[in-house]
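What's in input.cif: mmCIF, C-alpha atoms and all ligand atoms
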data_structure
#
loop_
_atom_site.label_atom_id
_atom_site.label_comp_id
_atom_site.auth_asym_id
_atom_site.auth_seq_id
_atom_site.Cartn_x
_atom_site.Cartn_y
_atom_site.Cartn_z
CA MET A 1 130.47 85.40 109.96
CA ILE A 2 133.06 88.12 110.49
CA LYS A 3 132.28 91.17 108.37
CA THR A 4 134.14 94.32 107.34
CA PRO A 5 133.86 97.09 109.96
CA ARG A 6 130.92 99.48 109.42
CA GLY A 7 131.67 102.11 106.78
CA THR A 8 134.39 100.08 105.06
CA LYS A 9 134.21 97.77 102.07
CA ASP A 10 136.13 95.30 99.98
CA VAL A 11 136.94 96.07 96.39
CA LEU A 12 135.95 92.80 94.78
CA PRO A 13 137.77 91.27 91.79
CA SER A 14 134.75 92.11 89.63
CA GLU A 15 135.12 95.82 90.48
CA SER A 16 138.85 96.34 90.78
CA TYR A 17 139.19 97.22 87.10
CA LYS A 18 137.20 100.41 87.81
CA TRP A 19 139.75 101.45 90.43
CA GLN A 20 142.60 100.60 88.10
CA TYR A 21 140.94 102.68 85.37
CA LEU A 22 140.92 105.70 87.68
CA GLU A 23 144.44 105.10 89.01
CA LYS A 24 145.74 105.03 85.43
CA LYS A 25 144.03 108.35 84.71
CA PHE A 26 145.48 109.89 87.91
CA LYS A 27 148.95 108.98 86.68
CA GLU A 28 148.37 110.13 83.10
CA VAL A 29 146.95 113.53 84.05
CA THR A 30 149.50 114.27 86.79
CA ASP A 31 152.26 113.33 84.30
CA LEU A 32 150.88 115.94 81.88
CA PHE A 33 151.31 118.61 84.55
CA ASN A 34 154.62 117.14 85.83
CA TYR A 35 153.38 116.37 89.36
CA LYS A 36 155.32 113.72 91.32
CA GLU A 37 153.79 111.19 93.68
CA LEU A 38 154.34 111.42 97.44
CA ARG A 39 153.54 108.48 99.74
CA THR A 40 153.41 108.96 103.50
CA PRO A 41 152.48 106.62 106.39
CA ILE A 42 148.82 105.78 106.99
CA PHE A 43 149.15 107.00 110.59
CA GLU A 44 150.79 110.14 111.92
CA SER A 45 151.36 111.77 115.29
CA THR A 46 147.96 113.10 116.32
CA GLU A 47 149.21 116.69 116.53
CA VAL A 48 149.83 116.74 112.76
CA PHE A 49 146.06 116.92 112.38
CA SER A 50 144.94 118.61 115.61
CA ARG A 51 147.31 121.55 114.99
CA SER A 52 146.29 122.06 111.38
CA ILE A 53 142.72 121.04 110.57
CA GLY A 54 141.39 122.99 113.58
CA GLU A 55 140.40 121.92 117.11
CA GLU A 56 136.82 123.04 116.51
CA THR A 57 136.21 121.22 113.24
CA ASP A 58 134.07 118.06 113.01
CA ILE A 59 137.08 116.10 111.78
CA VAL A 60 139.24 116.78 114.84
CA ASN A 61 136.38 116.92 117.32
CA LYS A 62 134.43 113.83 116.38
CA GLU A 63 135.85 111.90 113.48
CA MET A 64 139.48 110.94 114.06
CA TYR A 65 140.62 107.38 114.68
CA THR A 66 143.07 108.20 117.46
CA PHE A 67 144.81 105.64 119.65
CA ASN A 68 147.81 105.31 121.91
CA ASP A 69 150.37 102.74 120.85
CA ARG A 70 152.29 100.55 123.28
CA SER A 71 154.77 103.30 124.08
CA ASP A 72 151.90 105.70 124.76
CA SER A 73 152.38 107.90 121.73
CA SER A 74 149.12 109.35 120.44
CA LEU A 75 148.69 108.34 116.82
CA THR A 76 145.90 109.03 114.32
CA LEU A 77 144.87 107.25 111.14
CA ARG A 78 145.13 110.05 108.62
CA PRO A 79 141.74 111.73 107.98
CA GLU A 80 143.17 113.75 105.07
CA MET A 81 146.50 114.28 103.33
CA THR A 82 147.28 117.99 103.25
CA ALA A 83 148.53 118.19 106.85
CA ALA A 84 150.50 114.94 106.50
CA LEU A 85 152.05 116.16 103.25
CA VAL A 86 153.08 119.45 104.85
CA ARG A 87 154.60 117.50 107.77
CA SER A 88 156.58 115.46 105.24
CA ALA A 89 157.62 118.53 103.21
CA ILE A 90 158.99 120.21 106.36
CA GLU A 91 160.68 117.05 107.67
CA ASN A 92 162.31 116.24 104.32
CA SER A 93 163.13 119.88 103.45
CA LEU A 94 161.19 119.56 100.20
CA THR A 95 160.55 123.29 99.99
CA ASN A 96 164.10 124.39 100.84
CA THR A 97 165.15 124.37 97.21
CA ALA A 98 164.17 127.12 94.83
CA GLY A 99 161.17 126.57 92.66
CA VAL A 100 157.76 125.00 92.93
CA GLN A 101 157.05 121.49 94.23
CA ARG A 102 154.24 119.75 92.41
CA LEU A 103 152.98 116.69 94.31
CA TRP A 104 150.15 114.18 94.04
CA TYR A 105 148.84 111.30 96.14
CA PHE A 106 146.30 108.51 96.19
CA GLY A 107 145.38 106.28 99.09
CA PRO A 108 143.06 105.43 101.99
CA PHE A 109 141.84 107.93 104.61
CA PHE A 110 139.79 107.46 107.75
CA ARG A 111 136.98 109.43 109.36
CA TYR A 112 134.51 108.20 111.94
CA GLU A 113 131.40 109.53 110.17
CA ARG A 114 127.87 108.18 109.91
CA PRO A 115 128.00 105.96 106.81
CA GLN A 116 125.60 106.72 103.97
CA LYS A 117 125.70 106.90 100.16
CA GLY A 118 129.14 108.25 99.25
CA ARG A 119 130.25 108.47 102.87
CA PHE A 120 132.54 105.85 104.39
CA ARG A 121 134.82 105.45 107.38
CA GLN A 122 137.63 104.26 105.18
CA PHE A 123 137.56 106.12 101.88
CA HIS A 124 140.13 107.01 99.24
CA GLN A 125 141.36 110.33 97.99
CA PHE A 126 143.30 111.38 94.95
CA GLY A 127 144.80 114.82 95.42
CA VAL A 128 147.47 117.27 94.39
CA GLU A 129 149.32 120.01 96.23
CA CYS A 130 151.36 122.77 94.63
CA LEU A 131 153.91 124.17 97.11
CA SER A 132 155.85 127.44 97.27
CA SER A 133 153.94 129.72 94.89
CA PRO A 134 151.77 132.56 96.28
CA ASN A 135 150.73 133.29 92.72
CA PRO A 136 147.09 132.99 91.51
CA ASP A 137 148.53 131.02 88.58
CA SER A 138 149.15 128.11 90.95
CA ASP A 139 145.52 128.13 92.16
CA VAL A 140 144.56 128.02 88.52
CA GLU A 141 147.06 125.26 87.72
CA VAL A 142 145.59 122.87 90.30
CA LEU A 143 142.06 123.75 89.19
CA HIS A 144 143.06 123.11 85.59
CA LEU A 145 144.49 119.72 86.59
CA ALA A 146 141.29 118.87 88.49
CA ASP A 147 139.08 119.95 85.62
CA LYS A 148 141.17 118.04 83.07
CA LEU A 149 141.07 114.90 85.21
CA ILE A 150 137.30 115.07 85.69
CA LYS A 151 136.78 115.36 81.94
CA GLU A 152 139.39 112.67 81.11
CA ILE A 153 137.72 110.10 83.35
CA GLY A 154 134.40 110.75 81.65
CA ILE A 155 132.41 113.00 83.97
CA SER A 156 130.67 115.71 81.99
CA GLU A 157 128.06 117.11 84.35
CA TYR A 158 129.43 118.83 87.42
CA THR A 159 129.75 122.29 88.88
CA LEU A 160 132.84 123.98 90.22
CA PHE A 161 131.97 126.40 93.04
CA ILE A 162 134.58 128.89 94.15
CA ASN A 163 134.93 131.56 96.80
CA SER A 164 137.64 133.55 98.52
CA ILE A 165 137.94 133.67 102.27
CA GLY A 166 140.80 136.16 101.94
CA ASN A 167 144.00 136.62 103.89
CA LYS A 168 144.19 136.52 107.69
CA ALA A 169 143.34 140.21 108.14
CA SER A 170 140.27 139.94 105.90
CA ARG A 171 139.07 136.83 107.72
CA GLU A 172 139.48 138.51 111.10
CA LYS A 173 137.51 141.49 109.89
CA TYR A 174 134.79 139.22 108.51
CA ASN A 175 134.69 137.17 111.71
CA ASN A 176 133.86 140.31 113.68
CA VAL A 177 131.12 141.41 111.29
CA LEU A 178 129.66 137.90 111.28
CA VAL A 179 129.72 137.50 115.06
CA GLN A 180 127.97 140.83 115.41
CA TYR A 181 125.25 139.78 112.94
CA PHE A 182 124.72 136.38 114.59
CA ASN A 183 124.70 137.91 118.07
CA GLU A 184 121.95 140.28 116.95
CA ASN A 185 119.98 137.22 115.77
CA LYS A 186 121.12 134.74 118.39
CA ASP A 187 117.59 133.58 119.31
CA LYS A 188 117.05 132.38 115.71
CA LEU A 189 120.27 130.33 115.53
CA SER A 190 120.26 126.53 115.88
CA GLU A 191 121.70 125.14 119.13
CA ASN A 192 124.73 123.80 117.28
CA SER A 193 125.49 127.14 115.74
CA LYS A 194 125.10 128.98 119.05
CA GLU A 195 127.97 126.85 120.31
CA ARG A 196 130.03 127.58 117.19
CA LEU A 197 129.48 131.31 117.55
CA ASP A 198 132.23 131.64 120.17
CA LYS A 199 134.60 129.05 118.83
CA ASN A 200 134.39 129.09 115.05
CA PRO A 201 131.71 131.42 113.60
CA LEU A 202 132.76 130.85 109.97
CA ARG A 203 131.62 127.22 110.30
CA ILE A 204 128.03 128.43 110.73
CA LEU A 205 128.00 129.33 107.01
CA ASP A 206 128.27 125.59 106.34
CA SER A 207 125.23 124.74 108.46
CA LYS A 208 122.47 122.57 106.96
CA SER A 209 119.97 123.40 109.73
CA PRO A 210 116.80 125.11 108.38
CA ASP A 211 116.92 127.68 111.24
CA ASP A 212 120.39 128.79 110.19
CA ILE A 213 119.76 128.68 106.45
CA ALA A 214 117.03 131.33 106.71
CA LEU A 215 119.38 133.53 108.68
CA LEU A 216 122.29 132.96 106.33
CA ASP A 217 120.50 134.52 103.37
CA ASP A 218 120.84 137.96 104.92
CA ALA A 219 124.22 137.38 106.58
CA PRO A 220 127.07 139.70 105.61
CA LYS A 221 129.14 138.35 102.72
CA ILE A 222 132.84 137.68 103.03
CA SER A 223 133.43 139.41 99.70
CA ASP A 224 132.56 142.71 101.41
CA SER A 225 135.35 142.16 103.97
CA LEU A 226 138.15 141.27 101.54
CA ASP A 227 141.06 143.72 101.57
CA GLU A 228 142.78 144.86 98.41
CA GLU A 229 145.36 142.06 98.31
CA SER A 230 142.69 139.39 98.78
CA GLN A 231 140.40 140.98 96.24
CA LEU A 232 143.19 141.15 93.68
CA HIS A 233 144.16 137.52 94.18
CA TYR A 234 140.56 136.36 93.83
CA ASN A 235 139.91 138.47 90.72
CA GLN A 236 143.03 137.14 89.04
CA VAL A 237 142.04 133.54 89.76
CA LYS A 238 138.65 134.15 88.17
CA GLU A 239 140.13 135.90 85.13
CA LYS A 240 142.69 133.15 84.53
CA LEU A 241 140.05 130.42 84.89
CA THR A 242 138.01 132.23 82.26
CA SER A 243 141.05 132.43 79.97
CA LEU A 244 141.39 128.64 80.26
CA GLY A 245 137.70 128.18 79.48
CA ILE A 246 137.01 126.60 82.89
CA LYS A 247 133.46 127.25 83.99
CA PHE A 248 132.76 128.08 87.64
CA MET A 249 130.08 129.52 89.87
CA GLU A 250 130.75 131.77 92.82
CA ASN A 251 129.30 130.72 96.15
CA HIS A 252 129.93 133.29 98.84
CA LYS A 253 128.90 130.87 101.59
CA LEU A 254 131.55 128.28 100.67
CA VAL A 255 134.04 128.07 103.57
CA ARG A 256 135.00 124.33 103.64
CA GLY A 257 135.19 122.09 106.70
CA LEU A 258 138.88 122.52 107.54
CA ASP A 259 140.42 125.59 109.18
CA TYR A 260 143.71 125.89 107.32
CA TYR A 261 142.45 127.72 104.24
CA SER A 262 143.15 131.25 103.08
CA HIS A 263 142.16 133.06 99.85
CA THR A 264 140.75 130.65 97.25
CA VAL A 265 138.45 127.79 98.30
CA PHE A 266 136.51 125.55 95.94
CA GLU A 267 134.37 122.44 95.60
CA PHE A 268 133.28 120.18 92.76
CA GLN A 269 129.68 119.03 93.01
CA SER A 270 127.52 116.58 91.10
CA ASN A 271 123.79 116.06 91.47
CA LEU A 272 124.23 112.31 90.92
CA LEU A 273 125.55 112.04 94.48
CA GLY A 274 122.52 112.93 96.62
CA ALA A 275 123.17 114.51 100.02
CA GLN A 276 126.95 114.09 99.81
CA ASP A 277 127.10 116.08 96.59
CA SER A 278 130.69 117.23 96.81
CA PHE A 279 133.19 114.92 95.11
CA GLY A 280 136.21 117.15 95.48
CA GLY A 281 137.39 120.20 97.28
CA GLY A 282 140.39 122.25 98.13
CA GLY A 283 141.95 125.67 98.26
CA ARG A 284 144.93 127.75 99.25
CA TYR A 285 146.61 127.29 102.63
CA ASN A 286 149.32 129.92 103.11
CA GLU A 287 149.51 129.59 106.89
CA LEU A 288 149.65 125.81 107.30
CA PHE A 289 153.43 125.37 107.02
CA SER A 290 154.09 127.82 109.85
CA GLN A 291 151.29 126.26 111.96
CA LEU A 292 153.15 122.94 111.70
CA GLY A 293 156.50 124.44 112.66
CA GLY A 294 157.92 125.24 109.24
CA LYS A 295 158.81 128.46 107.49
CA ASP A 296 156.06 130.37 105.70
CA VAL A 297 155.36 128.47 102.49
CA PRO A 298 152.35 129.42 100.36
CA ALA A 299 150.53 126.43 98.87
CA VAL A 300 147.33 125.31 97.17
CA GLY A 301 145.74 121.96 96.37
CA PHE A 302 142.67 119.77 96.26
CA ALA A 303 141.50 116.23 96.93
CA MET A 304 138.78 114.14 95.33
CA GLY A 305 136.85 111.25 96.87
CA VAL A 306 137.51 108.19 94.72
CA GLU A 307 134.38 106.31 95.90
CA ARG A 308 132.35 109.38 94.91
CA LEU A 309 133.99 109.55 91.47
CA LEU A 310 133.03 105.90 91.03
CA ILE A 311 129.41 106.51 92.04
CA ILE A 312 129.15 109.29 89.45
CA LEU A 313 130.74 107.14 86.74
CA GLU A 314 128.56 104.13 87.59
CA GLU A 315 125.36 106.16 87.67
CA SER A 316 126.16 107.81 84.37
CA GLY A 317 126.62 104.37 82.74
CA LYS A 318 130.37 104.63 82.14
CA PHE A 319 131.01 100.98 83.00
CA ASP A 320 127.80 99.53 81.51
CA ASN A 321 129.22 97.84 78.44
CA ILE A 322 132.65 96.91 79.71
CA GLU A 323 133.55 93.34 78.85
CA GLU A 324 136.57 91.78 80.53
CA GLN A 325 138.24 89.32 78.18
CA ILE A 326 141.35 87.20 78.01
CA ASP A 327 143.06 86.47 74.71
CA LEU A 328 143.36 82.72 74.91
CA TYR A 329 142.28 79.64 76.85
CA ILE A 330 144.39 76.55 76.27
CA VAL A 331 142.48 73.30 76.26
CA LYS A 332 144.76 70.45 77.24
CA ALA A 333 144.23 66.99 75.84
CA THR A 334 147.67 65.52 76.43
CA LYS A 335 149.86 64.57 79.33
CA ASP A 336 152.90 65.97 77.52
CA ASP A 337 153.60 68.88 79.86
CA SER A 338 156.89 69.85 78.23
CA VAL A 339 155.21 70.89 74.97
CA ILE A 340 152.43 72.72 76.77
CA TYR A 341 154.62 74.63 79.20
CA ASN A 342 157.09 75.55 76.50
CA LEU A 343 154.27 77.02 74.42
CA ILE A 344 152.57 78.76 77.33
CA SER A 345 155.79 80.43 78.37
CA LYS A 346 156.55 81.67 74.83
CA LEU A 347 153.00 82.94 74.31
CA ARG A 348 153.16 84.90 77.57
CA ASP A 349 156.54 86.32 76.57
CA ASN A 350 154.75 87.56 73.46
CA GLY A 351 152.11 89.34 75.56
CA VAL A 352 149.25 86.88 75.05
CA ILE A 353 146.90 86.95 78.07
CA LEU A 354 146.04 83.32 78.69
CA ASN A 355 144.72 80.78 81.15
CA TYR A 356 144.56 76.99 81.17
CA ASP A 357 143.01 74.27 83.27
CA LEU A 358 144.22 73.86 86.87
CA LEU A 359 141.44 71.49 87.96
CA ASP A 360 141.94 68.43 85.71
CA LYS A 361 138.67 69.15 83.92
CA ASN A 362 137.63 67.09 80.92
CA PHE A 363 137.47 68.48 77.40
CA LYS A 364 133.92 69.82 77.76
CA GLY A 365 134.66 71.28 81.18
CA GLN A 366 137.65 73.14 79.82
CA PHE A 367 135.54 74.72 77.05
CA LYS A 368 132.98 75.74 79.65
CA GLU A 369 135.75 77.42 81.63
CA ALA A 370 136.98 79.18 78.45
CA ASN A 371 133.49 80.70 78.14
CA ARG A 372 133.37 81.63 81.82
CA VAL A 373 136.62 83.59 81.63
CA ASN A 374 135.44 85.12 78.34
CA ALA A 375 138.34 83.98 76.18
CA LYS A 376 138.51 85.38 72.65
CA TRP A 377 140.25 82.21 71.40
CA THR A 378 140.75 78.64 72.54
CA MET A 379 143.59 76.42 71.44
CA ILE A 380 143.48 72.65 71.68
CA ILE A 381 146.74 70.87 72.41
CA GLY A 382 146.29 67.14 72.25
CA ASP A 383 148.48 64.17 71.42
CA ASP A 384 147.18 64.20 67.81
CA GLU A 385 148.01 67.87 67.45
CA ILE A 386 151.51 67.29 68.78
CA SER A 387 152.23 64.38 66.48
CA ASN A 388 150.79 66.21 63.42
CA ASN A 389 152.67 69.37 64.34
CA LYS A 390 149.42 71.33 64.06
CA LEU A 391 147.25 73.13 66.59
CA THR A 392 143.52 73.74 66.44
CA ILE A 393 142.35 77.21 67.33
CA LYS A 394 138.77 78.34 67.72
CA ASN A 395 137.34 81.83 67.64
CA MET A 396 134.89 81.74 70.54
CA LYS A 397 132.68 84.49 69.14
CA SER A 398 132.17 83.16 65.59
CA GLY A 399 132.72 79.50 66.47
CA GLU A 400 135.10 79.18 63.50
CA GLN A 401 137.89 76.62 63.84
CA SER A 402 141.17 76.45 61.96
CA GLU A 403 144.47 74.63 62.05
CA ILE A 404 147.81 76.29 62.44
CA ASP A 405 151.38 74.95 62.34
CA PHE A 406 153.30 74.91 65.62
CA GLU A 407 156.04 77.19 64.27
CA ASN A 408 153.50 79.84 63.19
CA ILE A 409 151.66 80.06 66.48
CA LEU A 410 153.73 82.90 67.88
CA LYS A 411 152.94 85.01 64.84
CA PHE A 412 149.18 84.60 65.31
CA ASN A 413 147.24 87.63 66.58
CA PHE A 414 145.13 86.51 69.55
CA LYS A 415 144.14 90.07 70.40
CA ASP A 416 141.37 90.45 67.77
P1 LIG B 501 137.71 117.34 102.13
O1 LIG B 501 136.67 118.21 101.49
O2 LIG B 501 137.57 117.06 103.57
O3 LIG B 501 139.10 118.03 101.82
O4 LIG B 501 137.77 115.97 101.35
C1 LIG B 501 137.96 115.92 99.95
C2 LIG B 501 137.03 114.90 99.32
O5 LIG B 501 137.19 113.64 99.96
C3 LIG B 501 135.54 115.21 99.50
O6 LIG B 501 135.10 116.11 98.50
C4 LIG B 501 134.93 113.83 99.32
O7 LIG B 501 134.79 113.54 97.94
C5 LIG B 501 135.98 112.91 99.91
N1 LIG B 501 135.57 112.50 101.26
C6 LIG B 501 135.74 113.16 102.42
N2 LIG B 501 135.23 112.47 103.45
C7 LIG B 501 134.71 111.33 102.93
C8 LIG B 501 134.03 110.18 103.47
N3 LIG B 501 133.81 110.05 104.77
N4 LIG B 501 133.64 109.20 102.62
C9 LIG B 501 133.88 109.31 101.29
N5 LIG B 501 134.51 110.36 100.72
C10 LIG B 501 134.92 111.35 101.52
C11 LIG B 501 140.31 117.53 102.21
O8 LIG B 501 140.49 116.43 102.67
C12 LIG B 501 141.45 118.46 101.92
N6 LIG B 501 142.70 117.82 102.39
C13 LIG B 501 141.52 118.79 100.44
C14 LIG B 501 142.67 119.68 100.10
C15 LIG B 501 143.80 119.32 99.50
N7 LIG B 501 142.76 120.96 100.36
C16 LIG B 501 143.91 121.42 99.94
N8 LIG B 501 144.57 120.42 99.42
#
Represent the structure from my file as structure tokens, please.
Amino acid sequence: MIKTPRGTKDVLPSESYKWQYLEKKFKEVTDLFNYKELRTPIFESTEVFSRSIGEETDIVNKEMYTFNDRSDSSLTLRPEMTAALVRSAIENSLTNTAGVQRLWYFGPFFRYERPQKGRFRQFHQFGVECLSSPNPDSDVEVLHLADKLIKEIGISEYTLFINSIGNKASREKYNNVLVQYFNENKDKLSENSKERLDKNPLRILDSKSPDDIALLDDAPKISDSLDEESQLHYNQVKEKLTSLGIKFMENHKLVRGLDYYSHTVFEFQSNLLGAQDSFGGGGRYNELFSQLGGKDVPAVGFAMGVERLLIILEESGKFDNIEEQIDLYIVKATKDDSVIYNLISKLRDNGVILNYDLLDKNFKGQFKEANRVNAKWTMIIGDDEISNNKLTIKNMKSGEQSEIDFENILKFNFKD
């Protein structure tokens, strides 16, 4: 039997309503904030990602699905959206007009990671990006949108962690302090982190190795390296979040796994997820546009893992009592197609969700099918009914049966 590739999965018909539930919420909440959807290709030129996410990150180093096509162009299945969106914004001059661009997206992404609970090789993200504002109000706007969405979809227990990694000057200063500290303690560092020390010391703060964790407790904090501008930005973000009533916790070790961030970084975590406890993350990226060949455009955004949102919702019982129903199942007991199809067409025009037999089942078989598809009502159309100008309808829950004139059928409420 041919199976789905490792780390990918089908969304089966019995589960797709959960995805549709979330997709509807994405649209509703982004509408409230007036964000517009952007769709880009699933693959991009490899340099879109290698020039932005960082050559020394796990994503670029180990996780990209990169291939050469028949004309030898190096292409990559997108591992995330921010870089692709910035490529599109530059190419389509989206930020050349005055004002702020508010964008959102939803779709599949690809990373060659070791699959486990909440971690896939094809996964889906919902995300938003707010372009052109350097203002802390835009950091707070995307966090407000994220927080609103999380609550709207029915997640109540989660923690928002935030940190500031400052502007470029502050990060450079911190890098030096950090390298000095790790060099003084080099013998205690894990092998992995020793390698990172030269290439990307900030990444060490993210380490899960017990050797490093002990060392990290006493490591210098980035907050002590922030210059005045960075400090001001961070303080304003925190004040404005408080004004909105959005709860957060500061985590001075939070640096994120992508290199394009500056100033605010954040993650949403839930303890229903196990090891992969982060269901969303993002931050400001003021230098990404110029890294990808554009003008300087300040921006901020986040993305959430849709599979992880679903795990949280499933484990908190959100979908436990969902019953999928159709309004009506039509039981055919006549060969007079013209009457049946006329009625079916009119009922559908009136918004009645209905099915009928496609397998030439007998009377009993059709009722069985009506139960299987969980119909609220059945309607029998037989030769007797047609000649008497009356239809028999049955409420499948109460079992009650009644007769109704043909001309009144379109007025009947099959929804209750
Ligand atoms: P990220 O933290 O790499 O950020 O991914 C965002 C979310 O995508 C994660 O919190 C997680 O829920 C989900 N995710 C990532 N990898 C996987 C995986 N292998 N399987 C399942 N879910 C996964 C970004 O991608 C940034 N582009 C976010 C951003 C937007 N920053 C600014 N704007």
Expressed in Å to a single decimal, how great is the separation between atom CA of Glu323 of chain A and atom CA of Lys151 of chain A?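 Between these atoms lies a distance of 22.5 Å.
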Which residues are close to Ile90 of chain A, i.e. within 9 Å by only C-alpha atoms, leaving aside same-chain residues fewer than 6 positions away? Reply as an MDAnalysis selection string. chainID A and resid 96 289 292:295
Produce as a list in words the set of residues near ligand LIG 501 (chain B), where near means within 6 Å with only C-alpha atoms and all ligand atoms considered.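 So, counting only C-alpha atoms and all ligand atoms, the residues near ligand LIG 501 (chain B) are Glu80, Met81, Thr82, Arg111, Glu113, Gly118, Arg119, Phe120, Arg121, Phe123, Gln125, Glu129, Ser278, Phe279, Gly280, Gly281, Gly282, Gly283, Val300, Gly301, Phe302, Ala303, Met304, Gly305 and Arg308 of chain A.
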What's the separation between atom CA of Glu28 of chain A and atom CA of Asn355 of chain A, in Å to one decimal place? 29.6 Å
How would you write as a PyMOL selection string the residues that get within 12 Å of (137.0, 78.7, 78.4) in the file's frame, counting all atoms listed in the file? chain A and resi 325-332+354-357+361-380+394-397
Which residue of A:Ile213, A:Ala299, A:Val140, A:Val100 approaches Lys240 of chain A most closely, using all atoms listed in the file: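 Ranking A:Ile213, A:Ala299, A:Val140, A:Val100 by distance to Lys240 of chain A, first place goes to A:Val140.
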Generate N, CA and C atoms for segment 64-82 of chain A and emit them as a JSON list (two decimals), in the coordinates of the input.
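Writing the result to out_25.json gives the following:
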[["chain", "number", "residue", "atom", "x", "y", "z"],
["A", 64, "MET", "N", 138.16, 111.55, 114.25],
["A", 64, "MET", "CA", 139.48, 110.94, 114.06],
["A", 64, "MET", "C", 139.59, 109.57, 114.74],
["A", 65, "TYR", "N", 140.27, 108.67, 114.07],
["A", 65, "TYR", "CA", 140.62, 107.38, 114.68],
["A", 65, "TYR", "C", 141.95, 107.58, 115.39],
["A", 66, "THR", "N", 141.87, 107.90, 116.68],
["A", 66, "THR", "CA", 143.07, 108.20, 117.46],
["A", 66, "THR", "C", 143.28, 107.11, 118.51],
["A", 67, "PHE", "N", 144.51, 106.68, 118.67],
["A", 67, "PHE", "CA", 144.81, 105.64, 119.65],
["A", 67, "PHE", "C", 146.23, 105.83, 120.19],
["A", 68, "ASN", "N", 146.45, 105.30, 121.37],
["A", 68, "ASN", "CA", 147.81, 105.31, 121.91],
["A", 68, "ASN", "C", 148.46, 103.98, 121.59],
["A", 69, "ASP", "N", 149.70, 104.01, 121.11],
["A", 69, "ASP", "CA", 150.37, 102.74, 120.85],
["A", 69, "ASP", "C", 151.02, 102.24, 122.14],
["A", 70, "ARG", "N", 151.78, 101.18, 122.06],
["A", 70, "ARG", "CA", 152.29, 100.55, 123.28],
["A", 70, "ARG", "C", 153.30, 101.40, 124.02],
["A", 71, "SER", "N", 153.87, 102.41, 123.32],
["A", 71, "SER", "CA", 154.77, 103.30, 124.08],
["A", 71, "SER", "C", 154.06, 104.62, 124.39],
["A", 72, "ASP", "N", 152.72, 104.58, 124.34],
["A", 72, "ASP", "CA", 151.90, 105.70, 124.76],
["A", 72, "ASP", "C", 152.02, 106.95, 123.90],
["A", 73, "SER", "N", 152.41, 106.77, 122.65],
["A", 73, "SER", "CA", 152.38, 107.90, 121.73],
["A", 73, "SER", "C", 150.98, 107.98, 121.14],
["A", 74, "SER", "N", 150.45, 109.20, 121.04],
["A", 74, "SER", "CA", 149.12, 109.35, 120.44],
["A", 74, "SER", "C", 149.25, 109.41, 118.93],
["A", 75, "LEU", "N", 148.62, 108.44, 118.28],
["A", 75, "LEU", "CA", 148.69, 108.34, 116.82],
["A", 75, "LEU", "C", 147.28, 108.45, 116.23],
["A", 76, "THR", "N", 147.21, 108.89, 114.97],
["A", 76, "THR", "CA", 145.90, 109.03, 114.32],
["A", 76, "THR", "C", 145.98, 108.51, 112.90],
["A", 77, "LEU", "N", 144.98, 107.67, 112.54],
["A", 77, "LEU", "CA", 144.87, 107.25, 111.14],
["A", 77, "LEU", "C", 144.53, 108.49, 110.34],
["A", 78, "ARG", "N", 145.27, 108.77, 109.31],
["A", 78, "ARG", "CA", 145.13, 110.05, 108.62],
["A", 78, "ARG", "C", 143.70, 110.29, 108.10],
["A", 79, "PRO", "N", 143.09, 111.43, 108.50],
["A", 79, "PRO", "CA", 141.74, 111.73, 107.98],
["A", 79, "PRO", "C", 141.80, 112.51, 106.67],
["A", 80, "GLU", "N", 142.97, 113.00, 106.31],
["A", 80, "GLU", "CA", 143.17, 113.75, 105.07],
["A", 80, "GLU", "C", 144.68, 113.85, 104.85],
["A", 81, "MET", "N", 145.09, 114.36, 103.69],
["A", 81, "MET", "CA", 146.50, 114.28, 103.33],
["A", 81, "MET", "C", 147.25, 115.60, 103.49],
["A", 82, "THR", "N", 146.56, 116.72, 103.35],
["A", 82, "THR", "CA", 147.28, 117.99, 103.25],
["A", 82, "THR", "C", 148.22, 118.20, 104.44]]
